[in-house]
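Raw input.txt, compact mmCIF, C-alpha atoms and all ligand atoms:
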# COMPACT_ATOMS: atom_id res chain seq x y z
CA MET A 1 -47.85 -59.98 1.78
CA SER A 2 -46.99 -60.08 -1.93
CA LYS A 3 -45.46 -57.02 -3.55
CA LYS A 4 -46.62 -55.30 -6.73
CA ASN A 5 -44.24 -54.22 -9.45
CA ILE A 6 -45.09 -51.74 -12.20
CA GLN A 7 -43.10 -52.40 -15.38
CA VAL A 8 -42.88 -50.62 -18.73
CA LEU A 9 -42.95 -53.01 -21.68
CA LEU A 10 -42.01 -52.31 -25.28
CA VAL A 11 -45.09 -53.35 -27.28
CA ARG A 12 -44.48 -51.79 -30.70
CA ARG A 13 -41.41 -50.85 -32.72
CA PRO A 14 -41.66 -47.15 -33.57
CA GLN A 15 -41.63 -46.03 -37.17
CA GLY A 16 -40.05 -42.59 -36.88
CA TRP A 17 -40.86 -40.74 -33.68
CA VAL A 18 -41.50 -42.76 -30.55
CA GLN A 19 -45.13 -42.68 -29.31
CA GLU A 20 -46.32 -43.29 -25.76
CA SER A 21 -48.42 -46.12 -27.23
CA ASP A 22 -45.20 -47.96 -28.16
CA PHE A 23 -45.06 -48.78 -24.44
CA ARG A 24 -47.48 -50.47 -22.05
CA LEU A 25 -47.48 -50.27 -18.27
CA VAL A 26 -48.27 -53.52 -16.52
CA GLU A 27 -48.66 -54.36 -12.86
CA THR A 28 -47.26 -57.73 -11.87
CA GLU A 29 -46.84 -59.53 -8.60
CA LEU A 30 -43.29 -60.22 -7.47
CA PRO A 31 -42.68 -63.93 -6.91
CA ALA A 32 -41.09 -65.20 -3.70
CA LEU A 33 -37.31 -64.92 -3.70
CA ARG A 34 -35.46 -68.16 -4.39
CA ASN A 35 -31.99 -69.24 -3.34
CA GLY A 36 -29.32 -67.28 -5.24
CA GLU A 37 -31.64 -64.34 -6.02
CA VAL A 38 -31.63 -60.72 -4.99
CA LEU A 39 -34.59 -58.31 -4.89
CA VAL A 40 -33.70 -54.72 -5.77
CA LYS A 41 -35.98 -51.76 -5.19
CA HIS A 42 -35.23 -49.23 -7.92
CA LEU A 43 -34.63 -45.67 -6.73
CA TYR A 44 -33.75 -43.95 -10.03
CA LEU A 45 -34.06 -44.98 -13.66
CA SER A 46 -31.82 -43.40 -16.27
CA LEU A 47 -33.33 -42.36 -19.61
CA ASP A 48 -30.76 -42.21 -22.41
CA PRO A 49 -30.80 -41.59 -26.17
CA TYR A 50 -29.26 -45.05 -26.92
CA MET A 51 -32.57 -46.60 -25.81
CA ARG A 52 -34.16 -45.41 -29.03
CA GLY A 53 -31.87 -47.79 -30.96
CA THR A 54 -32.87 -50.73 -28.75
CA MET A 55 -36.50 -50.24 -29.82
CA ASN A 56 -35.68 -51.01 -33.48
CA ASP A 57 -35.54 -54.43 -35.06
CA ALA A 58 -31.95 -53.74 -36.08
CA LYS A 59 -28.43 -53.75 -34.70
CA SER A 60 -27.55 -50.62 -32.73
CA TYR A 61 -24.86 -50.19 -30.14
CA GLN A 62 -26.86 -52.28 -27.69
CA ALA A 63 -28.94 -55.37 -28.43
CA LYS A 64 -32.59 -54.71 -29.29
CA VAL A 65 -35.34 -55.14 -26.69
CA GLU A 66 -37.81 -57.86 -27.64
CA LEU A 67 -41.50 -56.96 -27.92
CA GLU A 68 -43.57 -57.49 -24.76
CA GLN A 69 -40.36 -57.34 -22.69
CA VAL A 70 -39.39 -54.77 -20.07
CA MET A 71 -37.52 -51.81 -21.57
CA ARG A 72 -33.82 -52.06 -20.77
CA GLY A 73 -32.32 -49.26 -18.71
CA GLY A 74 -29.75 -48.46 -16.06
CA ILE A 75 -30.94 -48.02 -12.49
CA VAL A 76 -29.64 -47.24 -9.06
CA GLY A 77 -31.43 -49.16 -6.37
CA VAL A 78 -31.29 -50.64 -2.92
CA VAL A 79 -31.30 -54.32 -2.03
CA GLU A 80 -34.57 -55.01 -0.28
CA ALA A 81 -34.05 -58.73 0.27
CA SER A 82 -31.27 -61.13 -0.61
CA ARG A 83 -30.78 -64.86 -0.86
CA HIS A 84 -27.58 -64.23 -2.84
CA PRO A 85 -24.24 -64.53 -1.02
CA ASN A 86 -22.81 -61.30 -2.51
CA PHE A 87 -25.66 -58.97 -1.53
CA GLN A 88 -26.99 -57.79 1.81
CA GLU A 89 -30.17 -55.92 2.61
CA ASN A 90 -29.67 -52.14 2.12
CA ASP A 91 -26.73 -52.49 -0.29
CA LEU A 92 -26.79 -49.68 -2.83
CA VAL A 93 -26.44 -51.17 -6.32
CA SER A 94 -26.47 -50.25 -9.99
CA GLY A 95 -27.06 -52.19 -13.21
CA TYR A 96 -29.23 -52.54 -16.31
CA LEU A 97 -32.28 -53.76 -14.40
CA GLY A 98 -34.93 -52.08 -16.52
CA TRP A 99 -37.87 -49.69 -16.58
CA GLN A 100 -39.63 -51.06 -13.50
CA GLN A 101 -40.00 -50.45 -9.79
CA TYR A 102 -38.35 -53.69 -8.63
CA SER A 103 -36.25 -56.45 -10.11
CA ILE A 104 -35.34 -59.94 -9.09
CA SER A 105 -32.10 -61.32 -10.52
CA THR A 106 -29.34 -63.78 -9.87
CA GLY A 107 -26.85 -60.92 -9.50
CA GLN A 108 -26.48 -60.17 -13.21
CA ASP A 109 -28.28 -57.51 -15.21
CA ALA A 110 -29.93 -57.51 -18.64
CA LEU A 111 -26.53 -57.14 -20.33
CA GLY A 112 -25.17 -60.15 -18.44
CA ARG A 113 -22.92 -57.95 -16.31
CA ASN A 114 -22.60 -58.29 -12.56
CA ILE A 115 -24.76 -55.89 -10.60
CA ARG A 116 -22.35 -53.38 -9.13
CA LYS A 117 -22.30 -52.43 -5.46
CA LEU A 118 -21.92 -48.69 -4.89
CA HIS A 119 -20.08 -47.08 -2.00
CA PRO A 120 -20.69 -43.36 -2.40
CA LYS A 121 -18.44 -40.99 -0.51
CA ALA A 122 -20.04 -38.22 1.55
CA GLY A 123 -21.38 -35.58 -0.82
CA ILE A 124 -22.09 -38.00 -3.67
CA ALA A 125 -25.82 -38.56 -4.28
CA PRO A 126 -26.80 -42.04 -5.57
CA SER A 127 -28.40 -40.58 -8.72
CA LEU A 128 -24.97 -39.37 -9.87
CA TYR A 129 -24.06 -43.00 -10.71
CA LEU A 130 -26.49 -42.70 -13.62
CA GLY A 131 -25.16 -39.34 -14.78
CA VAL A 132 -21.90 -37.55 -14.22
CA LEU A 133 -20.34 -40.54 -12.39
CA GLY A 134 -22.04 -43.19 -14.51
CA MET A 135 -22.38 -44.14 -18.15
CA PRO A 136 -22.78 -40.57 -19.54
CA GLY A 137 -19.88 -39.13 -17.52
CA VAL A 138 -17.62 -42.03 -18.47
CA THR A 139 -18.65 -41.62 -22.12
CA ALA A 140 -17.57 -37.99 -21.95
CA TRP A 141 -14.25 -38.93 -20.37
CA ILE A 142 -13.46 -41.69 -22.90
CA GLY A 143 -14.53 -39.58 -25.87
CA LEU A 144 -12.35 -36.76 -24.70
CA VAL A 145 -9.29 -38.34 -23.09
CA SER A 146 -8.93 -41.55 -25.11
CA ILE A 147 -10.46 -40.63 -28.48
CA SER A 148 -9.94 -36.84 -28.87
CA GLN A 149 -6.63 -36.54 -26.95
CA PRO A 150 -6.89 -32.76 -26.54
CA LYS A 151 -3.92 -30.44 -26.20
CA ALA A 152 -4.02 -27.17 -24.26
CA GLY A 153 -4.90 -24.25 -26.53
CA GLU A 154 -6.94 -26.31 -29.00
CA THR A 155 -10.53 -25.36 -29.78
CA LEU A 156 -13.09 -28.05 -29.01
CA VAL A 157 -16.73 -27.89 -30.02
CA VAL A 158 -19.28 -30.10 -28.29
CA SER A 159 -22.93 -30.49 -29.31
CA ALA A 160 -25.86 -31.27 -26.98
CA ALA A 161 -23.63 -29.20 -24.69
CA SER A 162 -25.98 -28.84 -21.73
CA GLY A 163 -26.79 -32.57 -21.67
CA ALA A 164 -25.45 -35.43 -19.61
CA VAL A 165 -22.50 -36.26 -21.87
CA GLY A 166 -21.84 -32.89 -23.51
CA SER A 167 -21.70 -30.92 -20.25
CA VAL A 168 -19.03 -33.23 -18.83
CA ALA A 169 -17.01 -33.48 -22.06
CA GLY A 170 -16.82 -29.69 -22.33
CA GLN A 171 -15.83 -29.19 -18.70
CA LEU A 172 -13.13 -31.87 -18.91
CA ALA A 173 -11.75 -30.20 -22.04
CA ARG A 174 -11.77 -26.82 -20.31
CA ILE A 175 -9.85 -28.31 -17.36
CA ARG A 176 -7.27 -29.59 -19.90
CA GLY A 177 -6.75 -26.08 -21.22
CA CYS A 178 -8.89 -26.15 -24.37
CA ARG A 179 -11.03 -23.31 -25.64
CA VAL A 180 -14.49 -24.88 -25.47
CA VAL A 181 -17.52 -23.91 -27.53
CA GLY A 182 -20.87 -25.58 -26.86
CA ILE A 183 -23.80 -25.99 -29.22
CA ALA A 184 -27.22 -26.23 -27.56
CA GLY A 185 -30.89 -25.58 -28.23
CA GLY A 186 -32.18 -22.28 -26.85
CA LYS A 187 -30.94 -19.29 -24.88
CA ALA A 188 -31.50 -20.78 -21.42
CA LYS A 189 -29.32 -23.80 -22.20
CA CYS A 190 -26.63 -21.62 -23.81
CA ASP A 191 -26.60 -19.24 -20.82
CA TYR A 192 -26.15 -22.23 -18.52
CA VAL A 193 -23.33 -23.65 -20.65
CA VAL A 194 -21.37 -20.39 -20.51
CA ASN A 195 -22.28 -19.02 -17.07
CA GLU A 196 -22.43 -22.21 -15.01
CA LEU A 197 -20.38 -24.79 -16.91
CA GLY A 198 -17.71 -22.20 -17.77
CA PHE A 199 -17.49 -22.83 -21.53
CA ASP A 200 -15.91 -20.00 -23.52
CA ALA A 201 -18.93 -19.63 -25.82
CA CYS A 202 -22.15 -21.35 -26.80
CA VAL A 203 -24.06 -21.31 -30.08
CA ASP A 204 -27.84 -21.69 -30.05
CA TYR A 205 -28.50 -23.86 -33.11
CA LYS A 206 -32.21 -23.04 -32.92
CA ALA A 207 -31.60 -19.30 -33.44
CA GLY A 208 -31.60 -19.77 -37.22
CA HIS A 209 -28.02 -18.75 -38.19
CA LEU A 210 -25.89 -21.63 -37.02
CA ALA A 211 -23.11 -21.30 -39.61
CA GLU A 212 -22.56 -17.57 -38.94
CA ASP A 213 -22.78 -17.92 -35.16
CA LEU A 214 -20.41 -20.88 -35.17
CA ALA A 215 -17.91 -18.96 -37.32
CA ARG A 216 -18.02 -16.07 -34.83
CA ALA A 217 -17.54 -18.41 -31.88
CA THR A 218 -14.61 -20.26 -33.49
CA PRO A 219 -12.48 -17.51 -35.04
CA VAL A 220 -9.45 -19.80 -35.47
CA GLY A 221 -11.42 -22.86 -36.53
CA ILE A 222 -12.10 -26.12 -34.71
CA ASP A 223 -9.49 -28.72 -33.72
CA ILE A 224 -11.79 -31.24 -32.04
CA ASP A 225 -15.48 -31.95 -32.58
CA PHE A 226 -17.11 -33.96 -29.79
CA GLU A 227 -20.13 -34.97 -31.82
CA ASN A 228 -23.37 -35.85 -30.06
CA VAL A 229 -25.96 -34.72 -32.59
CA GLY A 230 -25.15 -35.22 -36.30
CA GLY A 231 -27.35 -33.81 -39.05
CA GLU A 232 -27.19 -30.07 -39.71
CA VAL A 233 -25.13 -29.43 -36.58
CA LEU A 234 -22.36 -31.78 -37.73
CA GLU A 235 -22.50 -30.32 -41.24
CA ALA A 236 -21.97 -26.82 -39.90
CA VAL A 237 -19.12 -27.95 -37.67
CA ALA A 238 -17.43 -29.81 -40.57
CA LEU A 239 -17.02 -26.53 -42.47
CA ARG A 240 -15.09 -24.98 -39.55
CA LEU A 241 -12.65 -27.88 -38.99
CA ASN A 242 -8.93 -27.11 -39.13
CA PRO A 243 -6.51 -29.33 -41.06
CA LEU A 244 -5.88 -32.60 -39.16
CA ALA A 245 -8.78 -31.94 -36.78
CA ARG A 246 -10.41 -34.91 -34.99
CA ILE A 247 -14.05 -35.87 -34.65
CA ALA A 248 -14.99 -38.05 -31.68
CA LEU A 249 -18.26 -39.51 -32.92
CA CYS A 250 -20.20 -40.12 -29.75
CA GLY A 251 -23.81 -39.91 -30.93
CA LEU A 252 -26.21 -38.79 -33.65
CA VAL A 253 -29.27 -37.96 -31.57
CA SER A 254 -30.85 -35.73 -34.24
CA GLU A 255 -31.19 -38.81 -36.47
CA TYR A 256 -32.42 -41.50 -34.08
CA ASN A 257 -36.09 -40.94 -34.96
CA GLU A 258 -35.54 -40.45 -38.70
CA ILE A 259 -36.72 -43.29 -40.90
CA ALA A 260 -34.26 -42.20 -43.58
CA PRO A 261 -31.54 -39.94 -42.10
CA GLN A 262 -30.37 -37.36 -44.63
CA GLY A 263 -26.70 -38.37 -44.38
CA PHE A 264 -23.63 -36.16 -44.05
CA ARG A 265 -23.64 -33.66 -46.91
CA ASN A 266 -20.28 -32.04 -46.10
CA PHE A 267 -18.39 -35.31 -45.99
CA GLY A 268 -15.85 -33.95 -48.49
CA ALA A 269 -14.49 -31.62 -45.80
CA LEU A 270 -12.99 -34.68 -44.13
CA LEU A 271 -10.97 -35.47 -47.21
CA THR A 272 -9.94 -31.88 -47.90
CA TRP A 273 -8.74 -31.21 -44.37
CA ARG A 274 -7.41 -34.73 -43.61
CA ILE A 275 -9.78 -35.17 -40.69
CA LYS A 276 -9.68 -38.20 -38.40
CA LEU A 277 -13.12 -39.44 -37.34
CA GLN A 278 -13.57 -42.16 -34.76
CA GLY A 279 -16.77 -43.61 -33.40
CA PHE A 280 -16.70 -45.19 -29.98
CA ASN A 281 -18.96 -47.02 -27.56
CA VAL A 282 -18.70 -46.71 -23.79
CA GLY A 283 -19.77 -50.35 -23.43
CA ASP A 284 -17.24 -52.02 -25.72
CA PRO A 285 -14.46 -54.12 -24.16
CA ASP A 286 -11.72 -51.49 -24.65
CA SER A 287 -13.90 -48.79 -23.12
CA LEU A 288 -14.90 -50.96 -20.14
CA LYS A 289 -11.22 -51.11 -19.14
CA LEU A 290 -11.17 -47.31 -18.82
CA TRP A 291 -14.19 -47.00 -16.51
CA PRO A 292 -12.25 -47.11 -13.20
CA GLN A 293 -9.81 -44.40 -14.32
CA ALA A 294 -12.62 -42.24 -15.67
CA GLN A 295 -14.82 -42.61 -12.59
CA SER A 296 -11.93 -41.88 -10.29
CA GLU A 297 -11.16 -38.55 -12.00
CA LEU A 298 -14.84 -37.61 -12.21
CA GLU A 299 -15.39 -38.38 -8.52
CA GLN A 300 -12.38 -36.31 -7.49
CA LEU A 301 -13.60 -33.39 -9.58
CA ILE A 302 -17.09 -33.57 -8.06
CA LEU A 303 -15.76 -33.73 -4.52
CA ALA A 304 -13.50 -30.76 -5.30
CA LYS A 305 -16.55 -28.94 -6.72
CA LYS A 306 -14.78 -28.52 -10.05
CA LEU A 307 -17.46 -30.29 -12.09
CA THR A 308 -20.98 -28.91 -12.42
CA TYR A 309 -23.93 -31.09 -13.32
CA ARG A 310 -27.65 -30.76 -13.62
CA GLU A 311 -30.47 -33.32 -13.44
CA SER A 312 -33.96 -33.32 -14.95
CA ILE A 313 -36.08 -35.54 -12.71
CA VAL A 314 -39.66 -36.76 -13.18
CA ASN A 315 -41.48 -38.74 -10.51
CA GLY A 316 -42.96 -42.20 -10.96
CA ILE A 317 -42.43 -45.03 -13.44
CA GLU A 318 -45.62 -43.95 -15.25
CA GLN A 319 -43.74 -40.82 -16.39
CA ALA A 320 -40.90 -42.74 -18.06
CA PRO A 321 -42.30 -42.98 -21.62
CA GLY A 322 -43.24 -39.29 -21.76
CA ALA A 323 -39.94 -38.16 -20.27
CA PHE A 324 -38.02 -40.37 -22.71
CA ILE A 325 -39.83 -38.87 -25.71
CA GLY A 326 -39.29 -35.39 -24.25
CA MET A 327 -35.55 -36.01 -23.90
CA LEU A 328 -35.25 -37.00 -27.54
CA LYS A 329 -36.88 -33.65 -28.36
CA GLY A 330 -34.54 -31.69 -26.07
CA GLU A 331 -37.09 -31.01 -23.32
CA ASN A 332 -34.65 -32.27 -20.69
CA PHE A 333 -32.17 -29.86 -19.15
CA GLY A 334 -29.29 -32.03 -17.92
CA LYS A 335 -29.31 -35.73 -17.11
CA GLN A 336 -32.84 -37.17 -17.51
CA LEU A 337 -33.87 -39.39 -14.62
CA VAL A 338 -37.04 -40.96 -13.27
CA LYS A 339 -37.34 -41.05 -9.48
CA LEU A 340 -39.13 -44.21 -8.51
CA THR A 341 -39.91 -43.85 -4.82
N1 LIG B 1 -21.01 -43.59 -27.85
C1 LIG B 1 -21.45 -43.90 -26.65
O1 LIG B 1 -20.99 -44.86 -26.02
C2 LIG B 1 -22.51 -43.04 -26.03
C3 LIG B 1 -22.88 -43.18 -24.68
C4 LIG B 1 -23.83 -42.29 -24.15
C5 LIG B 1 -24.41 -41.34 -24.95
N2 LIG B 1 -24.06 -41.26 -26.27
C6 LIG B 1 -24.64 -40.25 -27.13
O2 LIG B 1 -24.35 -38.98 -26.59
C7 LIG B 1 -25.35 -38.05 -27.03
C8 LIG B 1 -25.85 -37.26 -25.82
O3 LIG B 1 -26.46 -38.17 -24.92
P1 LIG B 1 -26.93 -37.66 -23.47
O4 LIG B 1 -27.24 -38.87 -22.68
O5 LIG B 1 -25.95 -36.68 -22.95
O6 LIG B 1 -28.30 -36.93 -23.79
P2 LIG B 1 -28.69 -35.41 -23.47
O7 LIG B 1 -27.72 -34.54 -24.19
O8 LIG B 1 -28.80 -35.24 -22.00
O9 LIG B 1 -30.13 -35.31 -24.13
C9 LIG B 1 -30.30 -35.34 -25.50
C10 LIG B 1 -30.13 -33.94 -26.09
O10 LIG B 1 -29.99 -34.04 -27.49
C11 LIG B 1 -30.29 -32.79 -28.06
N3 LIG B 1 -31.01 -32.95 -29.32
C12 LIG B 1 -32.09 -33.71 -29.55
N4 LIG B 1 -32.49 -33.58 -30.84
C13 LIG B 1 -31.64 -32.72 -31.41
C14 LIG B 1 -31.52 -32.17 -32.71
N5 LIG B 1 -32.37 -32.49 -33.70
N6 LIG B 1 -30.51 -31.31 -32.97
C15 LIG B 1 -29.63 -30.98 -32.00
N7 LIG B 1 -29.70 -31.47 -30.73
C16 LIG B 1 -30.69 -32.32 -30.45
C17 LIG B 1 -31.18 -32.06 -27.05
O11 LIG B 1 -30.46 -30.92 -26.57
P3 LIG B 1 -30.76 -29.45 -27.15
O12 LIG B 1 -31.95 -28.95 -26.39
O13 LIG B 1 -29.52 -28.74 -26.89
O14 LIG B 1 -31.11 -29.64 -28.59
C18 LIG B 1 -31.35 -33.07 -25.93
O15 LIG B 1 -31.42 -32.45 -24.67
C19 LIG B 1 -26.40 -38.88 -27.73
O16 LIG B 1 -26.20 -38.80 -29.12
C20 LIG B 1 -26.15 -40.28 -27.25
O17 LIG B 1 -26.59 -41.27 -28.14
C21 LIG B 1 -23.13 -42.08 -26.81

This entry written out as structure tokens:
Amino acid sequence: MSKKNIQVLLVRRPQGWVQESDFRLVETELPALRNGEVLVKHLYLSLDPYMRGTMNDAKSYQAKVELEQVMRGGIVGVVEASRHPNFQENDLVSGYLGWQQYSISTGQDALGRNIRKLHPKAGIAPSLYLGVLGMPGVTAWIGLVSISQPKAGETLVVSAASGAVGSVAGQLARIRGCRVVGIAGGKAKCDYVVNELGFDACVDYKAGHLAEDLARATPVGIDIDFENVGGEVLEAVALRLNPLARIALCGLVSEYNEIAPQGFRNFGALLTWRIKLQGFNVGDPDSLKLWPQAQSELEQLILAKKLTYRESIVNGIEQAPGAFIGMLKGENFGKQLVKLT
């Protein structure tokens, strides 16, 4: 009997904030598998801020998604049938196979990379390959270890601190002996960042006195800014930077839905204090070389219960557009996932 597949297509390029009507759900019938193809049943879909950039008709750090095409996204899934020599039924796999319940491919994903087989150790849930052990966790590791190069005793500030990347970056910095201050939206997230992630302090940027609270939380200034947010958060951080501080520019999520982002008004601080700012991309060729080292450390830390993580999970592919919009507004609490079965 033929199998149905529900897919989420991009049907309109958002102007400003994403709307649910920028997407359309379609039900298609899966064709019969041909020689050299593999059918993957998707278990979890990852929702990530970078996806907002792929909806624009412009260059972002991933190629744009064409209109009427399936939204691109990372998944963890299980091989349901295979006529491909490298895959067997029941293999656990991961790749950019899209916002849909199933995919058929020739073993490569939407980025042209080989679909990866996963071999989780006992105690490692498959969904972690989309979060702490996947792209966000590796981003945190690269931004911290390779870009920021922290030294024990330095003060590191990380924004979107309770999120998929920020929570890992802060914990890795803490393990390396830094004093770590998070910035997050709301008391519940800040309590989590301090009490469960073990950061030294957390500033609630929504409380209305960011500059004062940040000054109190960073009495000797800031040596490293792990920047996930941009906008007013980055401007406040810039005024607390110490001479020769570093900014690891990971993301600017506060600006992704702005038609005309306001820009960085305290840019002069970088000149005055001789600050080094470096953007980076977890998917560029230099970063890809670091994935095995990063994943190995992250896995060891998880197995040793030295790394805490949290997931925000909605059920069903139909929920993906709403959950994606919610994540961009900060409604997620930890790694945003869609469970598909
Ligand atoms: N460079 C790379 O290769 C790379 C790779 C992955 C991710 N990233 C970037 O890393 C950042 C975090 O990604 P993630 O996957 O870990 O997402 P996340 O932190 O789990 O979710 C996004 C968070 O952004 C915060 N946010 C949204 N609008 C904001 C605003 N106006 N001001 C302040 N905070 C706001 C919200 O947290 P609050 O509730 O705390 O506001 C929200 O929960 C993003 O900027 C993303 O683009 C970069």

(request) Could I get the residue neighbourhood of ligand LIG 1 (chain B) at 8 Å, counting all atoms listed in the file, as a PyMOL selection string? (result) chain A and resi 47-50+61+135-136+139-140+143+159-167+183-186+189+204-206+227-233+249-255+279-283+327-336

(request) Quick one: residues within 12 Å of (-35.2, -52.2, -16.7) (file frame), counting all atoms listed in the file, please, as an NGL selection string. (result) :A and (5-10 or 40-47 or 51 or 65 or 69-77 or 94-105 or 109-111 or 317 or 320 or 338)

(message) I want to know what sits within 12 Å of Gly107 (chain A), based on only C-alpha atoms, with residues of the same chain fewer than 6 positions away left out; could you give that as a VMD selection string?
(response) chain A and resid 35 to 40 79 82 to 88 93 to 97 113 to 117

(request) Could you please determine the separation between CA of Val314 (chain A) and CA of Gly137 (chain A) in Å, to one decimal place? (result)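 Pair CA of Val314 (chain A) / CA of Gly137 (chain A) returns 20.4 Å.
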
(message) Residues within 7 Å of region 266-273 of chain A, please, as a PyMOL selection string. Count all atoms listed in the file; anything in the same chain fewer than 4 positions from it doesn't count.
(response) chain A and resi 235+238-239+242-244

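Counting all atoms listed in the file and comparing A:Ile224, A:Leu234, A:Ala201, A:Ile259, the residue that lies closest to Ser148 (chain A) is A:Ile224.
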
Can you sort out region 62-69 of chain A so it carries all heavy atoms, written as a PDB file, in the frame of the given file?
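Dumped to out-v8.pdb:
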ATOM      1  N   GLN A  62     -26.480 -51.274 -28.695  1.00  0.00           N
ATOM      2  CA  GLN A  62     -26.860 -52.280 -27.690  1.00  0.00           C
ATOM      3  C   GLN A  62     -27.852 -53.211 -28.363  1.00  0.00           C
ATOM      4  O   GLN A  62     -28.527 -52.812 -29.316  1.00  0.00           O
ATOM      5  CB  GLN A  62     -27.532 -51.614 -26.494  1.00  0.00           C
ATOM      6  CG  GLN A  62     -26.693 -51.592 -25.259  1.00  0.00           C
ATOM      7  CD  GLN A  62     -27.510 -51.273 -24.015  1.00  0.00           C
ATOM      8  OE1 GLN A  62     -28.687 -51.584 -23.910  1.00  0.00           O
ATOM      9  NE2 GLN A  62     -26.863 -50.615 -23.082  1.00  0.00           N
ATOM     10  N   ALA A  63     -27.991 -54.419 -27.841  1.00  0.00           N
ATOM     11  CA  ALA A  63     -28.940 -55.370 -28.430  1.00  0.00           C
ATOM     12  C   ALA A  63     -30.359 -54.799 -28.357  1.00  0.00           C
ATOM     13  O   ALA A  63     -30.676 -54.008 -27.463  1.00  0.00           O
ATOM     14  CB  ALA A  63     -28.874 -56.671 -27.651  1.00  0.00           C
ATOM     15  N   LYS A  64     -31.210 -55.203 -29.300  1.00  0.00           N
ATOM     16  CA  LYS A  64     -32.590 -54.710 -29.290  1.00  0.00           C
ATOM     17  C   LYS A  64     -33.354 -55.305 -28.091  1.00  0.00           C
ATOM     18  O   LYS A  64     -33.001 -56.369 -27.588  1.00  0.00           O
ATOM     19  CB  LYS A  64     -33.278 -55.089 -30.597  1.00  0.00           C
ATOM     20  CG  LYS A  64     -33.504 -56.569 -30.767  1.00  0.00           C
ATOM     21  CD  LYS A  64     -34.175 -56.869 -32.098  1.00  0.00           C
ATOM     22  CE  LYS A  64     -34.347 -58.381 -32.253  1.00  0.00           C
ATOM     23  NZ  LYS A  64     -34.825 -58.787 -33.557  1.00  0.00           N
ATOM     24  N   VAL A  65     -34.418 -54.615 -27.697  1.00  0.00           N
ATOM     25  CA  VAL A  65     -35.340 -55.140 -26.690  1.00  0.00           C
ATOM     26  C   VAL A  65     -36.428 -55.896 -27.438  1.00  0.00           C
ATOM     27  O   VAL A  65     -36.953 -55.395 -28.449  1.00  0.00           O
ATOM     28  CB  VAL A  65     -35.951 -53.978 -25.861  1.00  0.00           C
ATOM     29  CG1 VAL A  65     -37.020 -54.493 -24.903  1.00  0.00           C
ATOM     30  CG2 VAL A  65     -34.850 -53.239 -25.094  1.00  0.00           C
ATOM     31  N   GLU A  66     -36.754 -57.084 -26.979  1.00  0.00           N
ATOM     32  CA  GLU A  66     -37.810 -57.860 -27.640  1.00  0.00           C
ATOM     33  C   GLU A  66     -39.187 -57.279 -27.286  1.00  0.00           C
ATOM     34  O   GLU A  66     -39.364 -56.706 -26.203  1.00  0.00           O
ATOM     35  CB  GLU A  66     -37.752 -59.334 -27.197  1.00  0.00           C
ATOM     36  CG  GLU A  66     -36.462 -60.047 -27.560  1.00  0.00           C
ATOM     37  CD  GLU A  66     -36.226 -60.156 -29.074  1.00  0.00           C
ATOM     38  OE1 GLU A  66     -37.185 -60.008 -29.856  1.00  0.00           O
ATOM     39  OE2 GLU A  66     -35.052 -60.360 -29.463  1.00  0.00           O
ATOM     40  N   LEU A  67     -40.135 -57.431 -28.188  1.00  0.00           N
ATOM     41  CA  LEU A  67     -41.500 -56.960 -27.920  1.00  0.00           C
ATOM     42  C   LEU A  67     -42.085 -57.705 -26.723  1.00  0.00           C
ATOM     43  O   LEU A  67     -41.796 -58.883 -26.516  1.00  0.00           O
ATOM     44  CB  LEU A  67     -42.378 -57.152 -29.160  1.00  0.00           C
ATOM     45  CG  LEU A  67     -42.024 -56.244 -30.341  1.00  0.00           C
ATOM     46  CD1 LEU A  67     -42.904 -56.558 -31.545  1.00  0.00           C
ATOM     47  CD2 LEU A  67     -42.134 -54.770 -29.988  1.00  0.00           C
ATOM     48  N   GLU A  68     -42.903 -56.976 -25.976  1.00  0.00           N
ATOM     49  CA  GLU A  68     -43.570 -57.490 -24.760  1.00  0.00           C
ATOM     50  C   GLU A  68     -42.590 -57.722 -23.614  1.00  0.00           C
ATOM     51  O   GLU A  68     -42.942 -58.328 -22.613  1.00  0.00           O
ATOM     52  CB  GLU A  68     -44.375 -58.784 -25.033  1.00  0.00           C
ATOM     53  CG  GLU A  68     -45.492 -58.625 -26.059  1.00  0.00           C
ATOM     54  CD  GLU A  68     -46.627 -57.699 -25.592  1.00  0.00           C
ATOM     55  OE1 GLU A  68     -46.842 -57.581 -24.365  1.00  0.00           O
ATOM     56  OE2 GLU A  68     -47.275 -57.070 -26.462  1.00  0.00           O
ATOM     57  N   GLN A  69     -41.339 -57.232 -23.784  1.00  0.00           N
ATOM     58  CA  GLN A  69     -40.360 -57.340 -22.690  1.00  0.00           C
ATOM     59  C   GLN A  69     -40.167 -55.978 -22.028  1.00  0.00           C
ATOM     60  O   GLN A  69     -40.459 -54.932 -22.616  1.00  0.00           O
ATOM     61  CB  GLN A  69     -39.007 -57.836 -23.228  1.00  0.00           C
ATOM     62  CG  GLN A  69     -39.058 -59.241 -23.805  1.00  0.00           C
ATOM     63  CD  GLN A  69     -39.494 -60.279 -22.782  1.00  0.00           C
ATOM     64  OE1 GLN A  69     -38.945 -60.340 -21.685  1.00  0.00           O
ATOM     65  NE2 GLN A  69     -40.502 -61.077 -23.136  1.00  0.00           N
TER      66      GLN A  69
END
